[in-house]
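So the structure is just underneath, and the comments pick up after that.
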Amino acid sequence: MAAKTTSDPTVRPAPHPSDLTAAFWAATTEGRFLIQRCTRCRAAIFYPRVNCTECGSTDLVDEDASGRGTVFTYTVARRPTHRAWAEAGPYVIAIVELEEGPHVTTNIVECDPNDVRIGMPVEVCFAPEADGVALPLFRPTAG
Amino acid sequence: MAMRGRGAVVGVGELKPTRETPGETTLSLMAKAGLAAIEDAGLSFADIDGMVCHPIGGVSMLTPSTVSELMGLKLNFAEVVDLGGATGAGMIWRAVAAIEAGMCRAVVCITGSSRRPRTPRAGGSKTAGGWSMPDRSAFSEFEVPYGNVGANVGYAMIANRYLHEYGATPEQLAKVAVHQRDNANQNPDAIFYGQPITVDDVLSSPMIADPLHMLEIVMPAGGAAALVVVGPELAEQLPQRPAWLLGAGEQVTHKTITYAPSLTDTAIQASARRAFDQAGVSPSQIGLASVYDCYTITVLLTLEDSGFTPKGTGGRFIEEHDLRWNGDFPVNTHGGQLSFGQPGIAGGMSHVTEAVRQIQGRAEARQIPDLELAFVNGNGGILSEQVSLIFGTER
């Protein structure tokens with residue numbers, strides 16, 4: 001998977017991991033995107049949960065996702081939705097459908113916001129944040 | 001047939017929405033609307049033995065007693081409903097259920113919100129666009145860092161997905177806002193009364209979050225709305241014509257749209273189906289659709305998922321029908337929140353108050369002739385909380 005780091009000058013509100021999400025955020029600093037896999041029904045789960053959202057089992061294991069997916073839907077925010085983006089200009093907020101199935105909220109980066117399309121292949125990249133986490137972002141798949 | 005004929009709305013109190021409410025508090029506005037509804041019902045203050053309210057900013061807990069102490073109510077049933085824009089509709093069936101269970105006889109359901117002038121953004125790290133960000137929730141960890149804050153982004157992503165899967169023209173969506181504005185021009189209490197708009201006006205208004213234009217987005221306001229709900233015996237003795245609750249349905253599947261089962265087949269399907277089944281009526285019998293309209297796309301999806309038109313045909317349905325009070329398919333005759341204004345939780349309640357007034361024959365210049373059945377849908381969050389109601393003139 002793509003582990004290249006992008007830098008983004010925007011100061012975003014950073015996530016503050018809990019015990020439930022600590023493994024996910026620790027992995028981001030190694031360029032890995034974790035999902036959970038239910039050992040009973042094999043459902044793939046994102047974001048980290050206590051129990052499987054399909055069958056209720058608590059037997060969940062962490063698994064490296066491929067980091068690949070497609071844009072399920074998106075919008076171009078023409079007005080800032082948060083003061084951290086006050087000077088950012090138009091930016092893309094999207095839901096990416098991972099190859100493994102789960103949907104993930106993200107920003108699409110490294111392309112013109114007006115070029116984003118539903119179905120576009122994308123791959124994860126990571127923006128280092130303060131406090132020992134890296135924020136997973138997605139960019140158009142190379143080639 | 002669980003709900004049919006077990007209770008009725010017999011009183012309405014609603015304040016005209018305003019951009020700002022200087023000097024008022026949410027609690028003071030709620031008390032005014034509540035008292036107006038009790039008076040309208042022909043009841044005395046002491047007749048009220050049940051009250052339903054909603055979470056209020058600055059009141060972290062014990063909300064029902066805060067409201068009832070202010071008003072001086074003595075309650076056998078004190079409830080808080082927290083379903084966002086579906087709260088008002090959710091209050092009504094809960095009130096009927098409490099009466100049916102013998103807990104109380106007359107319930108006032110109260111919603112409201114004060115609104116202050118915007119203050120410059122400064123300081124504070126725990127709010128984003130006015131939305132609270134509880135520390136270490138899924139929302140604060142997996143949405144806020146991406147700017148997925150506020151409702152515009154979620155509904156814009158829903159709209160784009162719908163347009164990708166099924167298609168609708170910008171003109172079809174804009175027509176919802178235009179016809180609802182025409183309705184508002186028959187309603188002096190609407191915040192945009194006397195300000196007609198055209199499809200061109202909507203499509204030339206600024207793009208806020210693709211594909212949503214400014215005039216397709218609801219405008220926040222201050223105000224309050226309340227209704228009085230009673231059982232059949234009392235309903236027959238009171239001065240107002242009862243608006244009978246015939247059916248109700250509720251469905252909650254997610255909070256953030258990223259984790260919704262679908263962006264285009266919504267939880268409205270389940271809530272509306274249950275309401276129609278309980279009422280024993282079909283969508284073709286409905287004479288008023290009073291449905292939550294935070295955005296134009298919300299109306300399109302609600303008309304499809306409530307069964308008024310098949311999935312994927314919402315755009316064409318809107319194009320082919322006249323949505324005005326005197327049209328062949330009246331929608332949101334008070335103007336909808338897009339033109340009436342959105343006074344917080346009272347915005348969602350406005351769809352209930354309008355359906356009740358229409359069923360009671362009290363909608364004045366915008367009265368639908370010979371109306372017998374009205375459909376209400378309340379929608380909370382990002383298409384997350386859904387409550388559907390059916391009201392009728394006959395028990």
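Following the order of the structure tokens, first chain is A, next is B, and so on, with residues numbered from 1 inside each chain and ligands from 1 in the order they appear.
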
Exercise. DSSP says strand (DSSP E) for which residues of chain A? Put them as an MDAnalysis selection string?
Worked result: chainID A and resid 34:38 44:45 60:64 68:77 91:98 103:107 121:128 134:140

For this session: Compile the contact shell of Tyr47 (chain A) as a ChimeraX atom specification: residues with an atom at most 9 Å away, counting only C-alpha atoms, same-chain residues fewer than 4 positions apart removed.
Result: /A:21,24,35-36,102-104 /B:138,142

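Restricting the calculation to only C-alpha atoms, the smallest distance between Ser137 (chain B) and any of A:Leu135, A:Glu99, A:Arg49, A:Ala27 is found for A:Arg49.
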
For this session: Report as a list in words the set of chain A residues whose atoms approach chain B to within 7 Å, with distances computed over only C-alpha atoms.
Result: Arg12, Pro13, Ala14, Pro15, His16, Pro17, Ser18, Thr73, Tyr74, Thr75, Val76, Ala77, Arg78, Arg79, Thr81, His82, Ile93, Ile95, His103, Val104, Thr105, Thr106 and Asn107 of chain A

Any chance you can output those residues with N, CA and C atoms as a PDB file, in the first residue's frame?
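And here is the file that came out, out_10.pdb:
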```pdb
ATOM      1  N   ARG A  12      -5.730  21.178  11.301  1.00  0.00           N
ATOM      2  CA  ARG A  12      -7.038  20.554  11.517  1.00  0.00           C
ATOM      3  C   ARG A  12      -7.221  20.211  12.988  1.00  0.00           C
ATOM      4  N   PRO A  13      -8.466  20.116  13.434  1.00  0.00           N
ATOM      5  CA  PRO A  13      -8.689  19.579  14.786  1.00  0.00           C
ATOM      6  C   PRO A  13      -8.245  18.120  14.800  1.00  0.00           C
ATOM      7  N   ALA A  14      -7.280  17.800  15.623  1.00  0.00           N
ATOM      8  CA  ALA A  14      -6.699  16.458  15.603  1.00  0.00           C
ATOM      9  C   ALA A  14      -7.537  15.474  16.412  1.00  0.00           C
ATOM     10  N   PRO A  15      -7.545  14.210  15.981  1.00  0.00           N
ATOM     11  CA  PRO A  15      -8.245  13.197  16.773  1.00  0.00           C
ATOM     12  C   PRO A  15      -7.514  12.906  18.078  1.00  0.00           C
ATOM     13  N   HIS A  16      -8.261  12.540  19.105  1.00  0.00           N
ATOM     14  CA  HIS A  16      -7.688  12.153  20.388  1.00  0.00           C
ATOM     15  C   HIS A  16      -8.088  10.717  20.664  1.00  0.00           C
ATOM     16  N   PRO A  17      -7.170   9.765  20.428  1.00  0.00           N
ATOM     17  CA  PRO A  17      -7.527   8.346  20.531  1.00  0.00           C
ATOM     18  C   PRO A  17      -7.988   7.938  21.928  1.00  0.00           C
ATOM     19  N   SER A  18      -8.881   6.971  21.952  1.00  0.00           N
ATOM     20  CA  SER A  18      -9.279   6.309  23.200  1.00  0.00           C
ATOM     21  C   SER A  18      -8.689   4.902  23.175  1.00  0.00           C
ATOM     22  N   THR A  73     -19.086   8.943  -2.698  1.00  0.00           N
ATOM     23  CA  THR A  73     -19.724  10.235  -2.943  1.00  0.00           C
ATOM     24  C   THR A  73     -18.824  11.320  -2.366  1.00  0.00           C
ATOM     25  N   TYR A  74     -19.116  12.572  -2.687  1.00  0.00           N
ATOM     26  CA  TYR A  74     -18.243  13.664  -2.260  1.00  0.00           C
ATOM     27  C   TYR A  74     -19.016  14.964  -2.363  1.00  0.00           C
ATOM     28  N   THR A  75     -18.452  15.997  -1.783  1.00  0.00           N
ATOM     29  CA  THR A  75     -18.907  17.355  -2.064  1.00  0.00           C
ATOM     30  C   THR A  75     -17.692  18.265  -2.085  1.00  0.00           C
ATOM     31  N   VAL A  76     -17.810  19.361  -2.793  1.00  0.00           N
ATOM     32  CA  VAL A  76     -16.783  20.403  -2.747  1.00  0.00           C
ATOM     33  C   VAL A  76     -17.317  21.487  -1.826  1.00  0.00           C
ATOM     34  N   ALA A  77     -16.680  21.643  -0.682  1.00  0.00           N
ATOM     35  CA  ALA A  77     -17.097  22.692   0.257  1.00  0.00           C
ATOM     36  C   ALA A  77     -16.587  24.025  -0.267  1.00  0.00           C
ATOM     37  N   ARG A  78     -17.524  24.862  -0.752  1.00  0.00           N
ATOM     38  CA  ARG A  78     -17.143  26.170  -1.299  1.00  0.00           C
ATOM     39  C   ARG A  78     -17.045  27.212  -0.202  1.00  0.00           C
ATOM     40  N   ARG A  79     -17.688  26.928   0.926  1.00  0.00           N
ATOM     41  CA  ARG A  79     -17.564  27.774   2.116  1.00  0.00           C
ATOM     42  C   ARG A  79     -16.960  26.914   3.216  1.00  0.00           C
ATOM     43  N   THR A  81     -16.315  24.797   6.402  1.00  0.00           N
ATOM     44  CA  THR A  81     -17.231  24.157   7.345  1.00  0.00           C
ATOM     45  C   THR A  81     -16.710  24.268   8.781  1.00  0.00           C
ATOM     46  N   HIS A  82     -15.520  24.771   8.938  1.00  0.00           N
ATOM     47  CA  HIS A  82     -14.847  24.821  10.237  1.00  0.00           C
ATOM     48  C   HIS A  82     -13.752  25.863  10.108  1.00  0.00           C
ATOM     49  N   ILE A  93     -14.648  16.971   0.608  1.00  0.00           N
ATOM     50  CA  ILE A  93     -14.992  16.029   1.664  1.00  0.00           C
ATOM     51  C   ILE A  93     -15.682  14.867   0.973  1.00  0.00           C
ATOM     52  N   ILE A  95     -16.824  10.399   0.948  1.00  0.00           N
ATOM     53  CA  ILE A  95     -16.924   9.066   1.522  1.00  0.00           C
ATOM     54  C   ILE A  95     -16.256   8.117   0.526  1.00  0.00           C
ATOM     55  N   HIS A 103     -17.122   2.048   4.520  1.00  0.00           N
ATOM     56  CA  HIS A 103     -17.091   3.434   4.078  1.00  0.00           C
ATOM     57  C   HIS A 103     -16.301   4.270   5.085  1.00  0.00           C
ATOM     58  N   VAL A 104     -15.536   5.226   4.563  1.00  0.00           N
ATOM     59  CA  VAL A 104     -14.650   6.047   5.375  1.00  0.00           C
ATOM     60  C   VAL A 104     -14.822   7.511   4.951  1.00  0.00           C
ATOM     61  N   THR A 105     -14.975   8.399   5.920  1.00  0.00           N
ATOM     62  CA  THR A 105     -14.967   9.836   5.619  1.00  0.00           C
ATOM     63  C   THR A 105     -13.526  10.299   5.454  1.00  0.00           C
ATOM     64  N   THR A 106     -13.277  11.145   4.457  1.00  0.00           N
ATOM     65  CA  THR A 106     -11.910  11.615   4.224  1.00  0.00           C
ATOM     66  C   THR A 106     -11.928  12.892   3.404  1.00  0.00           C
ATOM     67  N   ASN A 107     -10.733  13.402   3.110  1.00  0.00           N
ATOM     68  CA  ASN A 107     -10.558  14.455   2.105  1.00  0.00           C
ATOM     69  C   ASN A 107      -9.831  13.854   0.909  1.00  0.00           C
TER      70      ASN A 107
END
```

Problem set entry | Surrounding residues of His334 (chain B) excluding itself and chain neighbours under 2 positions, 9 Å, only C-alpha atoms, as JSON, numbers by chain | {"B": [180, 181, 183, 184, 185, 186, 187, 189, 190, 290, 325, 331, 332, 336, 337, 339, 340, 350, 351, 354, 363, 366]}

For this session: Would you return as a PyMOL selection string the members of region 29-126 of chain A that DSSP assigns to helix (DSSP H, G or I) on this structure's backbone?
Result: chain A and resi 83-85+113-115

Store the residues picked out above in a file with C-alpha atoms, as a PDB file, in the first residue's frame.
```pdb
ATOM      1  CA  ARG A  83     -12.519  27.668  11.063  1.00  0.00           C
ATOM      2  CA  ALA A  84      -9.439  25.516  10.432  1.00  0.00           C
ATOM      3  CA  TRP A  85     -10.423  25.662   6.765  1.00  0.00           C
ATOM      4  CA  PRO A 113     -11.470  19.610  -6.451  1.00  0.00           C
ATOM      5  CA  ASN A 114     -13.418  20.038  -9.696  1.00  0.00           C
ATOM      6  CA  ASP A 115     -11.891  16.825 -11.112  1.00  0.00           C
TER       7      ASP A 115
END
```

What's the 12 Å shell around Ser57 (chain A), counting only C-alpha atoms, without same-chain residues fewer than 2 positions away, as a PDB file with N, CA and C atoms, in the first residue's frame?
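Result written to around-v1.pdb:
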```pdb
ATOM      1  N   GLN A  36     -11.294  -3.601  11.241  1.00  0.00           N
ATOM      2  CA  GLN A  36     -11.544  -4.768  12.087  1.00  0.00           C
ATOM      3  C   GLN A  36     -12.222  -5.854  11.246  1.00  0.00           C
ATOM      4  N   ARG A  37     -11.908  -7.105  11.574  1.00  0.00           N
ATOM      5  CA  ARG A  37     -12.551  -8.242  10.899  1.00  0.00           C
ATOM      6  C   ARG A  37     -13.265  -9.073  11.962  1.00  0.00           C
ATOM      7  N   CYS A  38     -14.510  -9.384  11.729  1.00  0.00           N
ATOM      8  CA  CYS A  38     -15.269 -10.229  12.652  1.00  0.00           C
ATOM      9  C   CYS A  38     -14.893 -11.688  12.398  1.00  0.00           C
ATOM     10  N   THR A  39     -14.430 -12.373  13.442  1.00  0.00           N
ATOM     11  CA  THR A  39     -13.998 -13.765  13.245  1.00  0.00           C
ATOM     12  C   THR A  39     -15.192 -14.704  13.103  1.00  0.00           C
ATOM     13  N   ARG A  40     -16.371 -14.244  13.476  1.00  0.00           N
ATOM     14  CA  ARG A  40     -17.546 -15.114  13.346  1.00  0.00           C
ATOM     15  C   ARG A  40     -18.185 -14.985  11.958  1.00  0.00           C
ATOM     16  N   CYS A  41     -18.536 -13.733  11.559  1.00  0.00           N
ATOM     17  CA  CYS A  41     -19.273 -13.575  10.290  1.00  0.00           C
ATOM     18  C   CYS A  41     -18.409 -12.996   9.177  1.00  0.00           C
ATOM     19  N   ARG A  42     -17.153 -12.689   9.467  1.00  0.00           N
ATOM     20  CA  ARG A  42     -16.170 -12.202   8.492  1.00  0.00           C
ATOM     21  C   ARG A  42     -16.470 -10.787   8.009  1.00  0.00           C
ATOM     22  N   ALA A  43     -17.385 -10.072   8.653  1.00  0.00           N
ATOM     23  CA  ALA A  43     -17.665  -8.689   8.252  1.00  0.00           C
ATOM     24  C   ALA A  43     -16.428  -7.825   8.460  1.00  0.00           C
ATOM     25  N   ILE A  45     -15.081  -4.052   9.295  1.00  0.00           N
ATOM     26  CA  ILE A  45     -15.680  -2.976  10.082  1.00  0.00           C
ATOM     27  C   ILE A  45     -14.739  -1.772  10.174  1.00  0.00           C
ATOM     28  N   ARG A  49     -14.927  -0.651  16.692  1.00  0.00           N
ATOM     29  CA  ARG A  49     -16.124  -0.861  17.512  1.00  0.00           C
ATOM     30  C   ARG A  49     -15.829  -1.877  18.609  1.00  0.00           C
ATOM     31  N   VAL A  50     -16.754  -1.941  19.560  1.00  0.00           N
ATOM     32  CA  VAL A  50     -16.705  -2.932  20.637  1.00  0.00           C
ATOM     33  C   VAL A  50     -17.193  -4.276  20.117  1.00  0.00           C
ATOM     34  N   ASN A  51     -18.206  -4.216  19.241  1.00  0.00           N
ATOM     35  CA  ASN A  51     -18.815  -5.445  18.735  1.00  0.00           C
ATOM     36  C   ASN A  51     -19.048  -5.328  17.236  1.00  0.00           C
ATOM     37  N   CYS A  52     -19.194  -6.485  16.594  1.00  0.00           N
ATOM     38  CA  CYS A  52     -19.484  -6.514  15.161  1.00  0.00           C
ATOM     39  C   CYS A  52     -20.850  -5.876  14.911  1.00  0.00           C
ATOM     40  N   THR A  53     -20.897  -4.916  13.981  1.00  0.00           N
ATOM     41  CA  THR A  53     -22.154  -4.227  13.718  1.00  0.00           C
ATOM     42  C   THR A  53     -23.098  -5.070  12.857  1.00  0.00           C
ATOM     43  N   GLU A  54     -22.602  -6.199  12.341  1.00  0.00           N
ATOM     44  CA  GLU A  54     -23.457  -7.090  11.545  1.00  0.00           C
ATOM     45  C   GLU A  54     -24.068  -8.194  12.403  1.00  0.00           C
ATOM     46  N   CYS A  55     -23.231  -8.848  13.250  1.00  0.00           N
ATOM     47  CA  CYS A  55     -23.739 -10.028  13.975  1.00  0.00           C
ATOM     48  C   CYS A  55     -23.673  -9.875  15.491  1.00  0.00           C
ATOM     49  N   ASP A  59     -15.754 -10.848  18.977  1.00  0.00           N
ATOM     50  CA  ASP A  59     -14.478 -11.418  18.514  1.00  0.00           C
ATOM     51  C   ASP A  59     -14.023 -10.703  17.250  1.00  0.00           C
ATOM     52  N   LEU A  60     -13.399  -9.539  17.445  1.00  0.00           N
ATOM     53  CA  LEU A  60     -12.935  -8.722  16.329  1.00  0.00           C
ATOM     54  C   LEU A  60     -11.411  -8.686  16.351  1.00  0.00           C
ATOM     55  N   VAL A  61     -10.794  -8.798  15.158  1.00  0.00           N
ATOM     56  CA  VAL A  61      -9.345  -8.695  15.076  1.00  0.00           C
ATOM     57  C   VAL A  61      -8.986  -7.572  14.110  1.00  0.00           C
TER      58      VAL A  61
END
```

Exercise. Do you know which residues are at most 9 Å from Gly132 (chain A) counting only C-alpha atoms, after dropping those on the same chain fewer than 3 positions away, and could you put them as a ChimeraX atom specification?
Worked result: /A:25-26,29,128-129

Can you write just those residues out, N, CA and C atoms, as a PDB file, in the first residue's frame?
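And here's part-v3.pdb as it stands now:
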```
ATOM      1  N   TRP A  25      -5.005   4.437  15.422  1.00  0.00           N
ATOM      2  CA  TRP A  25      -4.219   5.665  15.244  1.00  0.00           C
ATOM      3  C   TRP A  25      -2.721   5.395  15.329  1.00  0.00           C
ATOM      4  N   ALA A  26      -2.310   4.433  16.155  1.00  0.00           N
ATOM      5  CA  ALA A  26      -0.879   4.083  16.211  1.00  0.00           C
ATOM      6  C   ALA A  26      -0.414   3.564  14.852  1.00  0.00           C
ATOM      7  N   THR A  29       0.677   6.049  12.022  1.00  0.00           N
ATOM      8  CA  THR A  29       2.027   6.637  12.023  1.00  0.00           C
ATOM      9  C   THR A  29       3.023   5.722  11.318  1.00  0.00           C
ATOM     10  N   PRO A 128       0.951  13.621   8.681  1.00  0.00           N
ATOM     11  CA  PRO A 128       1.305  13.608  10.115  1.00  0.00           C
ATOM     12  C   PRO A 128       0.630  14.761  10.853  1.00  0.00           C
ATOM     13  N   GLU A 129       0.133  14.474  12.024  1.00  0.00           N
ATOM     14  CA  GLU A 129      -0.499  15.473  12.875  1.00  0.00           C
ATOM     15  C   GLU A 129       0.295  15.561  14.167  1.00  0.00           C
TER      16      GLU A 129
END
```

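In this structure, CA of Val67 (chain B) sits 26.3 Å away from CA of Met219 (chain B).
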